[in-house]
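Student: Take a look at the following structure, please.
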Amino acid sequence: MTERLFVNALAADGSRIHISVNNGYIVDISSTRPEHLPPDIIDLQHRLVIPGFVDGHIHLDKSFVGDRWQPHQPAHDLRQRLAIEKRQLAQASPIAERASALIQQAASFGTVAMRSHVDIDATTGLSHLHAVIEAREKWRDSVDIELVAFPQAGVISCPGTADILDAAIQEGVEVVGGIDPTTLDGAADSQLDVVFGIAERRGVKVDIHLHEPGQQGIQQLYRIAERTRALGLAGRVAVSHAYSLGDVSVACLEGIARALADAGIAIMTNAPGDRAFPPVLTLRNAGVNVFAGNDNIRDSWWPYGNGDMLQRAMLIAYRSGFNTDEELNAAFDMVTRAGARVMGQEGYGLQVGHEATFLVLDAANVAAAVAEVTPQREIVRKGQFKTPAAWGSDNRQVSVTA
């Protein structure tokens, strides 16, 4: 049975398709119109239809979106940066308000799921977490948000943080985080003991910030891969940034890529503007799931960003030197399906049996959408056009008769 039919849509490759929807779910996708037409038909006028975006790495508690502009303050090292951040956040609007504003902005660009790292340490306690949970609850019907307990100030070097991380997991956080086990904590094995110990004990996933350079970073990746294999956590561990993958020789990269693929570890990159970053295609060709996130958006770390994952796909493609349609499609995969796999999103994507949630864009195909960062977009949620400000009603009456 079909209650609504979307006609004259374009698939990822630019071919024409028609999408049949019943009770908010896709019941058919075909190149030809069904023989029996429902009363409700929407002509998409040869526009591209794509799944919603997945932001695999964002910091909802840090952003100043929804607040006044904060001029960037330079820092000489990480500790100074953390001190600046604490001062600026203390003067900003409440976290729940700013987080909610950023979620709404990301949703307006078409993000339907995100993984947010939330600062949790012995000094901050769970205050950031509670605020982000409040914002997540407000937007639960429009954006699926997975939370990471992120020890920004370190685990071993910030006594008491290990217990706070465990407490966060007990409050429902789905992922335990870590950060630079050697350069920040000075105790790689001790930090990884804590992080993987919590993951094993609580049955949660792992996502570790790794900024450590060169061979030091590569050795850290081998340590993480070894622990992942030992605990049988394939598909449940991610390393964010992993800058060292962009620092080393081809031979070294090939070796660690095989180790990451064998262990089932995913790599997140946002293609930062001032740093070498993981070679996307080399890792993907080795079988590593490489996904993307916006990371920091207009906060104490940098003034850039707006939450648009299509723009992020373009930036990744641009910095990677992607030009062919196949390469641009890879960048698109990083902001959609690759992130959905990391988050364990069931029923994601344009397939029969899945929820009829997708974006409608003015673009010839996916490659064109990434290259030009197509601005004109509409959001279909469970078969109905929506705006992020009013998810509860059908905001666009565009039905036509056959």
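As shown in the structure tokens, the chain order sets the letters A, B, ...; within each chain, residues go from 1, and ligands are also counted from 1 in the order they appear.
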Please, which residues of region 53-243 of chain A, numbered as in this document, come out strand (DSSP E) from DSSP, as a PyMOL selection string?

Tutor: chain A and resi 53-58+111-119+144-150+175-179+205-210+237-241

Student: Hey, what's within 9 Å of Tyr222 (chain A) if we count only C-alpha atoms and toss same-chain stuff fewer than 3 positions away? As a PDB file with N, CA and C atoms, in the first residue's frame, please?

Tutor:
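Here's the written file part31.pdb:
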```
ATOM      1  N   GLY A 217      52.474   8.790  17.043  1.00  0.00           N
ATOM      2  CA  GLY A 217      51.055   8.552  16.813  1.00  0.00           C
ATOM      3  C   GLY A 217      50.785   7.185  16.218  1.00  0.00           C
ATOM      4  N   ILE A 218      51.650   6.751  15.316  1.00  0.00           N
ATOM      5  CA  ILE A 218      51.484   5.435  14.695  1.00  0.00           C
ATOM      6  C   ILE A 218      51.591   4.339  15.750  1.00  0.00           C
ATOM      7  N   GLN A 219      52.555   4.451  16.652  1.00  0.00           N
ATOM      8  CA  GLN A 219      52.680   3.450  17.711  1.00  0.00           C
ATOM      9  C   GLN A 219      51.451   3.448  18.602  1.00  0.00           C
ATOM     10  N   ALA A 225      44.889  -0.708  18.324  1.00  0.00           N
ATOM     11  CA  ALA A 225      44.454  -1.853  17.519  1.00  0.00           C
ATOM     12  C   ALA A 225      44.622  -3.154  18.288  1.00  0.00           C
ATOM     13  N   GLU A 226      45.736  -3.286  18.993  1.00  0.00           N
ATOM     14  CA  GLU A 226      45.984  -4.508  19.768  1.00  0.00           C
ATOM     15  C   GLU A 226      44.915  -4.701  20.845  1.00  0.00           C
ATOM     16  N   ARG A 227      44.564  -3.646  21.558  1.00  0.00           N
ATOM     17  CA  ARG A 227      43.545  -3.761  22.602  1.00  0.00           C
ATOM     18  C   ARG A 227      42.168  -4.023  22.007  1.00  0.00           C
ATOM     19  N   ILE A 256      50.052   0.262   8.908  1.00  0.00           N
ATOM     20  CA  ILE A 256      49.091   0.618   9.955  1.00  0.00           C
ATOM     21  C   ILE A 256      47.667   0.561   9.419  1.00  0.00           C
ATOM     22  N   ALA A 259      46.545  -2.920   9.828  1.00  0.00           N
ATOM     23  CA  ALA A 259      46.278  -3.208  11.242  1.00  0.00           C
ATOM     24  C   ALA A 259      44.944  -2.618  11.679  1.00  0.00           C
ATOM     25  N   LEU A 260      44.652  -1.406  11.241  1.00  0.00           N
ATOM     26  CA  LEU A 260      43.379  -0.765  11.591  1.00  0.00           C
ATOM     27  C   LEU A 260      42.207  -1.524  10.977  1.00  0.00           C
TER      28      LEU A 260
END
```

Student: Tell me, as a PDB file with N, CA and C atoms, in the first residue's frame, which residues lie within 6 Å of region 309-316 of chain A, counting only C-alpha atoms; anything in the same chain fewer than 6 positions away does not count.

Tutor:
```
ATOM      1  N   ALA A 271      39.489  17.079   8.030  1.00  0.00           N
ATOM      2  CA  ALA A 271      40.402  17.755   7.109  1.00  0.00           C
ATOM      3  C   ALA A 271      40.750  19.145   7.620  1.00  0.00           C
ATOM      4  N   ALA A 331      33.850  11.259  -0.632  1.00  0.00           N
ATOM      5  CA  ALA A 331      33.683  12.314   0.366  1.00  0.00           C
ATOM      6  C   ALA A 331      32.245  12.365   0.862  1.00  0.00           C
ATOM      7  N   PHE A 332      31.297  12.162  -0.030  1.00  0.00           N
ATOM      8  CA  PHE A 332      29.886  12.139   0.365  1.00  0.00           C
ATOM      9  C   PHE A 332      29.594  10.964   1.290  1.00  0.00           C
ATOM     10  N   VAL A 370      28.412  17.801  -3.836  1.00  0.00           N
ATOM     11  CA  VAL A 370      29.604  17.994  -3.006  1.00  0.00           C
ATOM     12  C   VAL A 370      30.471  19.113  -3.572  1.00  0.00           C
ATOM     13  N   ALA A 371      30.668  19.131  -4.866  1.00  0.00           N
ATOM     14  CA  ALA A 371      31.565  20.097  -5.483  1.00  0.00           C
ATOM     15  C   ALA A 371      31.073  21.531  -5.325  1.00  0.00           C
ATOM     16  N   VAL A 373      28.537  22.475  -3.081  1.00  0.00           N
ATOM     17  CA  VAL A 373      27.867  22.668  -1.782  1.00  0.00           C
ATOM     18  C   VAL A 373      26.474  23.256  -2.020  1.00  0.00           C
TER      19      VAL A 373
END
```

Student: Kindly indicate which residue among A:Ser30, A:Gln345, A:Ser249, A:Asn306 lies nearest to Gly214 (chain A), using only C-alpha atoms for the distances.

Tutor: A:Ser249

Student: Counting only C-alpha atoms, which residue out of A:Thr324, A:Glu171, A:Ala251, A:Ala263 sits closest to Gly232 (chain A)?

Tutor: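 Under the stated criterion, the closest residue is A:Ala263.
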
Student: Report as a ChimeraX atom specification all protein, DNA and RNA residues lying within 8 Å of Arg47 (chain A), evaluated on only C-alpha atoms, omitting residues in the same chain fewer than 3 positions from it.

Tutor: /A:8-10,44,360-364

Student: List the neighbours of Thr336 (chain A) out to 9 Å using only C-alpha atoms; skip same-chain residues closer than 5 positions along the sequence, and give me the result as number ranges by chain.

Tutor: A: 51-55, 291-292, 309, 341, 349

Student: Include C-alpha atoms and write out the residues we just selected as a JSON list (two decimals), in the first residue's frame.

Tutor:
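Written output follows (part.json):
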```json
[["chain", "number", "residue", "atom", "x", "y", "z"],
["A", 51, "PRO", "CA", 19.97, 10.43, 2.92],
["A", 52, "GLY", "CA", 20.35, 12.91, 5.77],
["A", 53, "PHE", "CA", 23.84, 13.80, 6.93],
["A", 54, "VAL", "CA", 25.67, 12.18, 9.85],
["A", 55, "ASP", "CA", 28.10, 14.36, 11.80],
["A", 291, "PHE", "CA", 34.08, 8.99, 8.40],
["A", 292, "ALA", "CA", 33.78, 12.73, 8.94],
["A", 309, "MET", "CA", 28.14, 18.47, 6.59],
["A", 341, "ARG", "CA", 27.95, 2.67, 10.45],
["A", 349, "GLY", "CA", 19.56, 5.43, 4.08]]
```

Student: Measuring between only C-alpha atoms, which one of A:Asp207, A:Glu372, A:Glu212, A:Asp61 shows the shortest distance to Thr183 (chain A)?

Tutor: A:Glu212

Student: So, counting only C-alpha atoms, which residue among A:Gly287, A:Gly305, A:Pro278, A:Gly203 is closest to Ala242 (chain A)?

Tutor: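 For Ala242 (chain A), the nearest of the candidates is A:Pro278.
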
Student: Show me a table, sorted first by chain and then by increasing residue number, of the residues of region 187-261 of chain A having an atom at most 8 Å from region 145-157 of chain A, each with its shortest atom pair and the distance in Å to one decimal, counting only C-alpha atoms and written as JSON lines.

Tutor:
```
{"residue": "A:Ala187", "atom": "CA", "partner": "A:Ile156", "partner_atom": "CA", "distance": 7.2}
{"residue": "A:Ser190", "atom": "CA", "partner": "A:Ile156", "partner_atom": "CA", "distance": 7.1}
{"residue": "A:Gln191", "atom": "CA", "partner": "A:Val155", "partner_atom": "CA", "distance": 6.2}
{"residue": "A:Asp207", "atom": "CA", "partner": "A:Val148", "partner_atom": "CA", "distance": 7.4}
```

Student: Identify, on the basis of only C-alpha atoms, every residue whose closest approach to His72 (chain A) does not exceed 9 Å; exclude the query and any residue fewer than 3 positions from it along the same chain; express the result as a PyMOL selection string.

Tutor: chain A and resi 299-303

Student: Please produce a file of the residues just selected, as a compact mmCIF listing (two decimals), in the first residue's frame, where the atoms kept are N, CA, C and O atoms.

Tutor:
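Output (part-v1.txt):
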```txt
# COMPACT_ATOMS: atom_id res chain seq x y z
N ASP A 299 34.06 28.19 18.26
CA ASP A 299 34.28 28.11 19.70
C ASP A 299 35.67 28.62 20.05
O ASP A 299 36.30 29.33 19.25
N SER A 300 36.18 28.26 21.22
CA SER A 300 37.48 28.76 21.65
C SER A 300 38.64 28.18 20.84
O SER A 300 39.75 28.72 20.88
N TRP A 301 38.41 27.10 20.14
CA TRP A 301 39.48 26.45 19.40
C TRP A 301 39.69 27.09 18.04
O TRP A 301 40.80 27.21 17.58
N TRP A 302 38.59 27.43 17.36
CA TRP A 302 38.70 28.20 16.12
C TRP A 302 37.35 28.83 15.79
O TRP A 302 36.30 28.40 16.29
N PRO A 303 37.36 29.89 14.96
CA PRO A 303 36.13 30.64 14.71
C PRO A 303 35.30 30.10 13.55
O PRO A 303 34.24 30.66 13.25
```
